[in-house]
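> Contents are mmCIF, C-alpha atoms; file name start.cif:
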```cif
data_upload
#
loop_
_atom_site.group_PDB
_atom_site.id
_atom_site.type_symbol
_atom_site.label_atom_id
_atom_site.label_comp_id
_atom_site.auth_asym_id
_atom_site.auth_seq_id
_atom_site.Cartn_x
_atom_site.Cartn_y
_atom_site.Cartn_z
ATOM 1 C CA MET A 26 -15.303 -6.821 -1.398
ATOM 2 C CA SER A 27 -18.388 -4.759 -2.105
ATOM 3 C CA GLY A 28 -16.468 -1.500 -2.419
ATOM 4 C CA GLN A 29 -14.033 -2.837 -5.001
ATOM 5 C CA SER A 30 -14.691 -2.987 -8.728
ATOM 6 C CA ASP A 31 -12.964 -4.947 -11.444
ATOM 7 C CA SER A 32 -11.250 -1.841 -12.819
ATOM 8 C CA CYS A 33 -7.522 -1.446 -12.247
ATOM 9 C CA GLY A 34 -8.346 2.060 -10.982
ATOM 10 C CA SER A 35 -10.698 0.795 -8.250
ATOM 11 C CA THR A 36 -10.276 1.944 -4.665
ATOM 12 C CA PHE A 37 -11.011 0.577 -1.212
ATOM 13 C CA SER A 38 -13.052 2.345 1.425
ATOM 14 C CA ALA A 39 -11.399 3.439 4.679
ATOM 15 C CA ALA A 40 -13.224 0.621 6.490
ATOM 16 C CA GLU A 41 -11.904 -1.965 4.021
ATOM 17 C CA LEU A 42 -8.330 -0.734 4.460
ATOM 18 C CA GLU A 43 -8.704 -0.978 8.234
ATOM 19 C CA PHE A 44 -10.066 -4.503 7.840
ATOM 20 C CA LEU A 45 -6.920 -5.476 5.914
ATOM 21 C CA ALA A 46 -4.681 -3.767 8.472
ATOM 22 C CA GLU A 47 -6.239 -5.711 11.341
ATOM 23 C CA ASP A 48 -4.253 -8.797 10.309
ATOM 24 C CA GLU A 49 -0.965 -7.021 11.128
ATOM 25 C CA MET A 50 0.751 -8.313 14.262
ATOM 26 C CA ILE A 51 1.098 -6.229 17.415
ATOM 27 C CA GLU A 52 2.351 -6.805 20.945
ATOM 28 C CA ILE A 53 -0.005 -7.019 23.907
ATOM 29 C CA VAL A 54 0.532 -7.496 27.636
ATOM 30 C CA PRO A 55 -2.201 -9.731 29.142
ATOM 31 C CA ASN A 56 -3.346 -8.932 32.674
ATOM 32 C CA LEU A 57 -4.716 -12.399 33.422
ATOM 33 C CA ARG A 58 -4.221 -16.015 32.431
ATOM 34 C CA ILE A 59 -5.962 -17.065 29.224
ATOM 35 C CA LYS A 60 -5.964 -20.496 27.610
ATOM 36 C CA PRO A 61 -4.552 -20.874 24.072
ATOM 37 C CA LEU A 62 -6.869 -19.730 21.299
ATOM 38 C CA SER A 63 -7.098 -22.004 18.248
ATOM 39 C CA LEU A 64 -8.491 -19.962 15.374
ATOM 40 C CA ILE A 65 -8.783 -20.403 11.630
ATOM 41 C CA CYS A 66 -5.929 -17.942 11.090
ATOM 42 C CA GLY A 67 -3.636 -19.653 13.605
ATOM 43 C CA ASP A 68 -3.039 -20.506 17.234
ATOM 44 C CA PHE A 69 -2.343 -17.772 19.813
ATOM 45 C CA GLY A 70 -1.402 -18.100 23.469
ATOM 46 C CA PRO A 71 -1.372 -19.305 26.107
ATOM 47 C CA PHE A 72 -1.454 -15.834 27.638
ATOM 48 C CA GLN A 73 0.333 -15.192 30.920
ATOM 49 C CA PRO A 74 -0.084 -12.060 33.066
ATOM 50 C CA GLN A 75 2.531 -9.362 32.323
ATOM 51 C CA ILE A 76 4.266 -11.481 29.672
ATOM 52 C CA PRO A 77 4.197 -9.713 26.245
ATOM 53 C CA THR A 78 3.050 -11.698 23.234
ATOM 54 C CA GLN A 79 2.266 -11.077 19.574
ATOM 55 C CA VAL A 80 -1.288 -11.271 18.209
ATOM 56 C CA PRO A 81 -3.160 -9.804 15.207
ATOM 57 C CA ILE A 82 -4.506 -6.314 15.790
ATOM 58 C CA TRP A 83 -8.126 -7.509 15.568
ATOM 59 C CA LEU A 84 -7.503 -9.933 18.447
ATOM 60 C CA ALA A 85 -5.634 -7.307 20.451
ATOM 61 C CA VAL A 86 -8.585 -4.936 20.082
ATOM 62 C CA ALA A 87 -11.057 -7.664 21.075
ATOM 63 C CA LEU A 88 -9.071 -8.487 24.235
ATOM 64 C CA LYS A 89 -8.588 -4.801 24.993
ATOM 65 C CA LYS A 90 -12.346 -4.156 24.821
ATOM 66 C CA ARG A 91 -12.863 -6.916 27.399
ATOM 67 C CA GLY A 92 -10.229 -5.438 29.708
ATOM 68 C CA LYS A 93 -7.927 -8.443 29.340
ATOM 69 C CA CYS A 94 -4.782 -6.717 28.075
ATOM 70 C CA THR A 95 -2.964 -3.514 27.290
ATOM 71 C CA ILE A 96 -1.613 -2.859 23.800
ATOM 72 C CA ARG A 97 1.977 -1.848 23.192
ATOM 73 C CA PRO A 98 2.237 0.633 20.313
ATOM 74 C CA PRO A 99 4.822 -0.358 17.681
ATOM 75 C CA ASP A 100 8.263 1.255 17.937
ATOM 76 C CA TRP A 101 7.645 3.542 14.963
ATOM 77 C CA MET A 102 4.751 5.202 16.841
ATOM 78 C CA SER A 103 7.011 6.876 19.391
ATOM 79 C CA VAL A 104 7.397 10.664 19.340
ATOM 80 C CA GLU A 105 11.142 10.305 18.790
ATOM 81 C CA LYS A 106 10.825 8.005 15.757
ATOM 82 C CA LEU A 107 7.992 9.994 14.188
ATOM 83 C CA THR A 108 9.902 13.243 14.635
ATOM 84 C CA GLN A 109 12.865 11.721 12.783
ATOM 85 C CA VAL A 110 10.584 10.491 10.001
ATOM 86 C CA LEU A 111 8.955 13.909 9.647
ATOM 87 C CA GLU A 112 12.309 15.693 9.451
ATOM 88 C CA SER A 113 13.594 13.230 6.841
ATOM 89 C CA GLU A 114 10.408 13.568 4.793
ATOM 90 C CA ARG A 115 10.794 17.348 4.791
ATOM 91 C CA ASP A 116 14.489 17.167 3.879
ATOM 92 C CA SER A 117 13.914 15.055 0.768
ATOM 93 C CA ALA A 118 11.807 16.363 -2.100
ATOM 94 C CA SER A 119 11.381 13.014 -3.836
ATOM 95 C CA SER A 120 12.121 10.024 -1.574
ATOM 96 C CA PHE A 121 9.777 8.600 1.047
ATOM 97 C CA GLU A 122 10.715 7.245 4.453
ATOM 98 C CA ALA A 123 10.082 3.575 5.184
ATOM 99 C CA LEU A 124 6.859 3.212 7.150
ATOM 100 C CA PRO A 125 4.564 0.206 7.602
ATOM 101 C CA PHE A 126 2.317 -0.272 4.580
ATOM 102 C CA HIS A 127 -0.734 0.226 6.831
ATOM 103 C CA TYR A 128 0.744 2.898 9.105
ATOM 104 C CA VAL A 129 -2.319 5.138 8.742
ATOM 105 C CA GLU A 130 -4.830 2.375 9.469
ATOM 106 C CA ILE A 131 -2.804 0.922 12.369
ATOM 107 C CA SER A 132 -2.466 4.313 14.046
ATOM 108 C CA ARG A 133 -6.189 5.004 13.555
ATOM 109 C CA LEU A 134 -7.154 1.665 15.111
ATOM 110 C CA LEU A 135 -4.944 2.315 18.130
ATOM 111 C CA PHE A 136 -6.220 5.883 18.527
ATOM 112 C CA ASP A 137 -9.773 4.531 18.529
ATOM 113 C CA HIS A 138 -9.298 1.518 20.805
ATOM 114 C CA ALA A 139 -6.118 1.963 22.856
ATOM 115 C CA ARG A 140 -5.625 5.706 23.260
ATOM 116 C CA GLU A 141 -4.632 5.348 26.917
ATOM 117 C CA ASP A 142 -1.867 2.882 25.973
ATOM 118 C CA ILE A 143 -0.066 5.369 23.698
ATOM 119 C CA PRO A 144 2.471 7.672 25.411
ATOM 120 C CA GLU A 145 2.025 11.326 24.375
ATOM 121 C CA VAL A 146 -0.915 10.310 22.223
ATOM 122 C CA TYR A 147 -1.805 13.837 21.063
ATOM 123 C CA MET A 148 1.751 14.510 19.929
ATOM 124 C CA VAL A 149 1.867 11.158 18.154
ATOM 125 C CA ARG A 150 -1.394 11.923 16.345
ATOM 126 C CA SER A 151 -0.138 15.381 15.323
ATOM 127 C CA LEU A 152 3.149 13.994 13.980
ATOM 128 C CA ILE A 153 1.386 11.334 11.922
ATOM 129 C CA GLU A 154 -0.936 13.966 10.417
ATOM 130 C CA ASP A 155 2.079 16.151 9.565
ATOM 131 C CA ILE A 156 3.845 13.187 7.943
ATOM 132 C CA LYS A 157 0.742 12.421 5.865
ATOM 133 C CA ASP A 158 0.544 16.054 4.712
ATOM 134 C CA VAL A 159 4.209 16.198 3.703
ATOM 135 C CA ARG A 160 4.028 12.904 1.834
ATOM 136 C CA PHE A 161 0.856 13.911 -0.028
ATOM 137 C CA HIS A 162 2.496 17.171 -1.065
ATOM 138 C CA LYS A 163 5.432 15.234 -2.515
ATOM 139 C CA ILE A 164 3.081 12.807 -4.244
ATOM 140 C CA GLY A 165 1.202 15.715 -5.824
ATOM 141 C CA THR A 166 4.445 17.276 -7.004
ATOM 142 C CA GLY A 167 5.550 13.954 -8.477
ATOM 143 C CA LEU A 168 2.253 13.424 -10.309
ATOM 144 C CA GLU A 169 2.680 16.772 -12.031
ATOM 145 C CA LYS A 170 5.666 15.246 -13.808
ATOM 146 C CA VAL A 171 3.644 12.378 -15.311
ATOM 147 C CA SER A 172 3.775 12.628 -19.085
ATOM 148 C CA SER A 173 3.096 10.607 -22.219
ATOM 149 C CA ARG A 174 6.584 9.129 -21.827
ATOM 150 C CA THR A 175 5.649 7.617 -18.453
ATOM 151 C CA TYR A 176 4.630 3.962 -18.701
ATOM 152 C CA ALA A 177 5.253 2.931 -15.081
ATOM 153 C CA MET A 178 5.812 4.514 -11.701
ATOM 154 C CA LYS A 179 7.621 3.121 -8.651
ATOM 155 C CA LEU A 180 6.875 4.752 -5.319
ATOM 156 C CA ASN A 181 7.408 3.671 -1.704
ATOM 157 C CA LEU A 182 3.871 4.481 -0.553
ATOM 158 C CA SER A 183 1.446 3.255 2.064
ATOM 159 C CA ALA A 184 -1.867 1.502 1.448
ATOM 160 C CA MET A 185 -3.886 4.674 2.000
ATOM 161 C CA GLU A 186 -1.646 6.728 -0.296
ATOM 162 C CA VAL A 187 -1.747 4.119 -3.042
ATOM 163 C CA ASN A 188 -5.502 3.889 -2.668
ATOM 164 C CA VAL A 189 -5.946 7.641 -3.115
ATOM 165 C CA ILE A 190 -3.715 8.114 -6.161
ATOM 166 C CA ARG A 191 -4.373 4.821 -7.990
ATOM 167 C CA PRO A 192 -7.397 6.049 -10.001
ATOM 168 C CA PHE A 193 -5.549 9.185 -11.119
ATOM 169 C CA VAL A 194 -2.308 7.418 -12.029
ATOM 170 C CA THR A 195 -3.895 4.513 -13.892
ATOM 171 C CA GLY A 196 -6.338 6.816 -15.645
ATOM 172 C CA SER A 197 -3.580 9.202 -16.704
ATOM 173 C CA LEU A 198 -1.311 6.451 -18.003
ATOM 174 C CA GLU A 199 -4.180 4.844 -19.911
ATOM 175 C CA THR A 200 -5.065 8.211 -21.472
ATOM 176 C CA PHE A 201 -1.460 8.889 -22.451
ATOM 177 C CA TYR A 202 -1.192 5.424 -23.959
ATOM 178 C CA GLU A 203 -4.384 5.885 -25.967
ATOM 179 C CA LEU A 204 -3.149 9.242 -27.261
ATOM 180 C CA ALA A 205 0.204 7.739 -28.178
ATOM 181 C CA ALA A 206 -1.295 4.591 -29.731
ATOM 182 C CA PRO A 207 -1.643 6.019 -33.296
ATOM 183 C CA GLU A 208 2.043 6.937 -33.301
ATOM 184 C CA ILE A 209 2.963 3.470 -32.054
ATOM 185 C CA ILE A 210 0.824 1.842 -34.765
ATOM 186 C CA GLN A 211 2.322 4.043 -37.485
ATOM 187 C CA GLU A 212 5.839 3.216 -36.327
ATOM 188 C CA SER A 213 4.962 -0.488 -36.359
ATOM 189 C CA GLN A 214 3.677 -0.151 -39.910
ATOM 190 C CA ARG A 215 6.852 1.622 -41.002
ATOM 191 C CA GLU A 216 8.941 -1.174 -39.497
ATOM 192 C CA GLU A 217 6.865 -3.726 -41.386
ATOM 193 C CA TYR A 218 7.332 -1.786 -44.641
ATOM 194 C CA ARG A 219 11.111 -1.688 -44.177
ATOM 195 C CA ARG A 220 11.386 -5.459 -43.742
ATOM 196 C CA PRO A 221 12.723 -7.280 -46.840
ATOM 197 C CA GLN A 222 9.915 -8.945 -48.785
ATOM 198 C CA ALA A 223 10.179 -12.538 -49.892
ATOM 199 C CA ALA A 224 11.139 -12.864 -53.587
ATOM 200 C CA ASP A 225 8.425 -13.980 -56.001
ATOM 201 C CA ARG A 226 9.701 -17.251 -57.431
ATOM 202 C CA GLY A 227 6.775 -17.910 -59.741
ATOM 203 C CA PRO A 228 4.095 -20.575 -59.473
ATOM 204 C CA ARG A 229 5.036 -23.626 -57.494
ATOM 205 C CA ARG A 230 5.276 -26.986 -59.229
ATOM 206 C CA GLU A 231 2.593 -29.411 -58.191
ATOM 207 C CA LEU A 232 3.826 -32.443 -56.390
ATOM 208 C CA ARG A 233 3.704 -35.642 -58.356
ATOM 209 C CA ARG A 234 1.064 -37.986 -57.058
#
```
Spit out the file's structure as structure tokens when you get a sec.

Amino acid sequence: MSGQSDSCGSTFSAAELEFLAEDEMIEIVPNLRIKPLSLICGDFGPFQPQIPTQVPIWLAVALKKRGKCTIRPPDWMSVEKLTQVLESERDSASSFEALPFHYVEISRLLFDHAREDIPEVYMVRSLIEDIKDVRFHKIGTGLEKVSSRTYAMKLNLSAMEVNVIRPFVTGSLETFYELAAPEIIQESQREEYRRPQAADRGPRRELRR
């Protein structure tokens, strides 16, 4: 993609992350009969009125724009589930609750294109923003603990969160490694010096022709 470089610290734009999230599956409820759709990414349908079916988000949005369906928000986007996630995030200083990898992008797409299909949409939006804030605070606290002894990090983060912190984390680890490299080289040289050297057995006898 145009917004991505070859560096391991490269980031995606918000539009590129949404593009990736559009391949996630979501449930729709058609309001009329539609013939099966045979697409490069797969076959979808046939669509029957009032019978829920799964389609990629990009197709759900396309049908929604044409007034051919309503979109059912995923279960995790309910006020009850998001409230539980927010409370759990606040209760734990280091662990992160399990959320879809593209939870930010999915919610944004539905807010933009299917607002009327989301029960208590303003509360849902507020809860998601609060969850993002709490998680970013924990990420910032965790990054403060990165040191020269840190060679890898394992975090249960979303696409947006990974995208934001990747340049900092990779840059910091590379810097720490470069600073520690002389010590590593010196230690390697000391190990080489301590290895037993092969005994000098004098000149070798030439093989007889």
> Please expand the PyMOL selection byres ((chain A and resi 82) around 6) into the concrete residues it hits in this file, giving the result as number ranges by chain.
A: 47, 49-51, 81, 83-85
> Write out as a ChimeraX atom specification which residues come within 12 Å of Pro74 in chain A when counting all atoms listed in the file, dropping same-chain ones fewer than 5 positions away.
/A:53-60,93-95
> With all atoms listed in the file as the atoms that count, which of A:Cys66, A:Val80, A:Val189, A:Leu111 lies nearest to Lys157 in chain A?
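Under the stated criterion, the closest residue is A:Leu111.
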> For Arg115 in chain A, work out the shell of residues within 9 Å, counting all atoms listed in the file and skipping chain neighbours fewer than 3 positions away, then give it as a list in words.
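Residues meeting the cut-off are Val110, Leu111, Glu112, Ala118, Ile156, Val159 and Arg160 of chain A.
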> Report the residues retrieved by the PyMOL selection byres ((chain A and resi 148) around 12) from the displayed file, expressed as a PyMOL selection string.
chain A and resi 102-108+136+140+143-147+149-155
> Of the candidates A:Val129, A:Lys163, A:Leu45, A:Ile65, which shows the shortest atom-to-atom distance to Asp116 in chain A, using only C-alpha atoms?
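Comparing A:Val129, A:Lys163, A:Leu45, A:Ile65 against Asp116 in chain A, the winner is A:Lys163.
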> Using all atoms of range 43-54 of chain A listed in the file and a margin of 3 Å per side, can you give the axis-aligned box centre and edge lengths in Å to one decimal, as AutoDock Vina command-line options?

```
--center_x -3.9 --center_y -4.9 --center_z 16.8 --size_x 18.4 --size_y 13.8 --size_z 27.7
```
> Find the residue from A:Ala139, A:Gln109, A:Leu62, A:Pro71 that sits nearest to Glu122 in chain A; use only C-alpha atoms when measuring.
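Among A:Ala139, A:Gln109, A:Leu62, A:Pro71, it is A:Gln109 that comes nearest to Glu122 in chain A.
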> Between CA of Pro98 in chain A and CA of His138 in chain A, what is the distance, to one decimal in Å?
11.6 Å
> So what do you get for CA of Ser117 in chain A versus CA of Ser38 in chain A, distance-wise?
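A separation of 29.8 Å between them.
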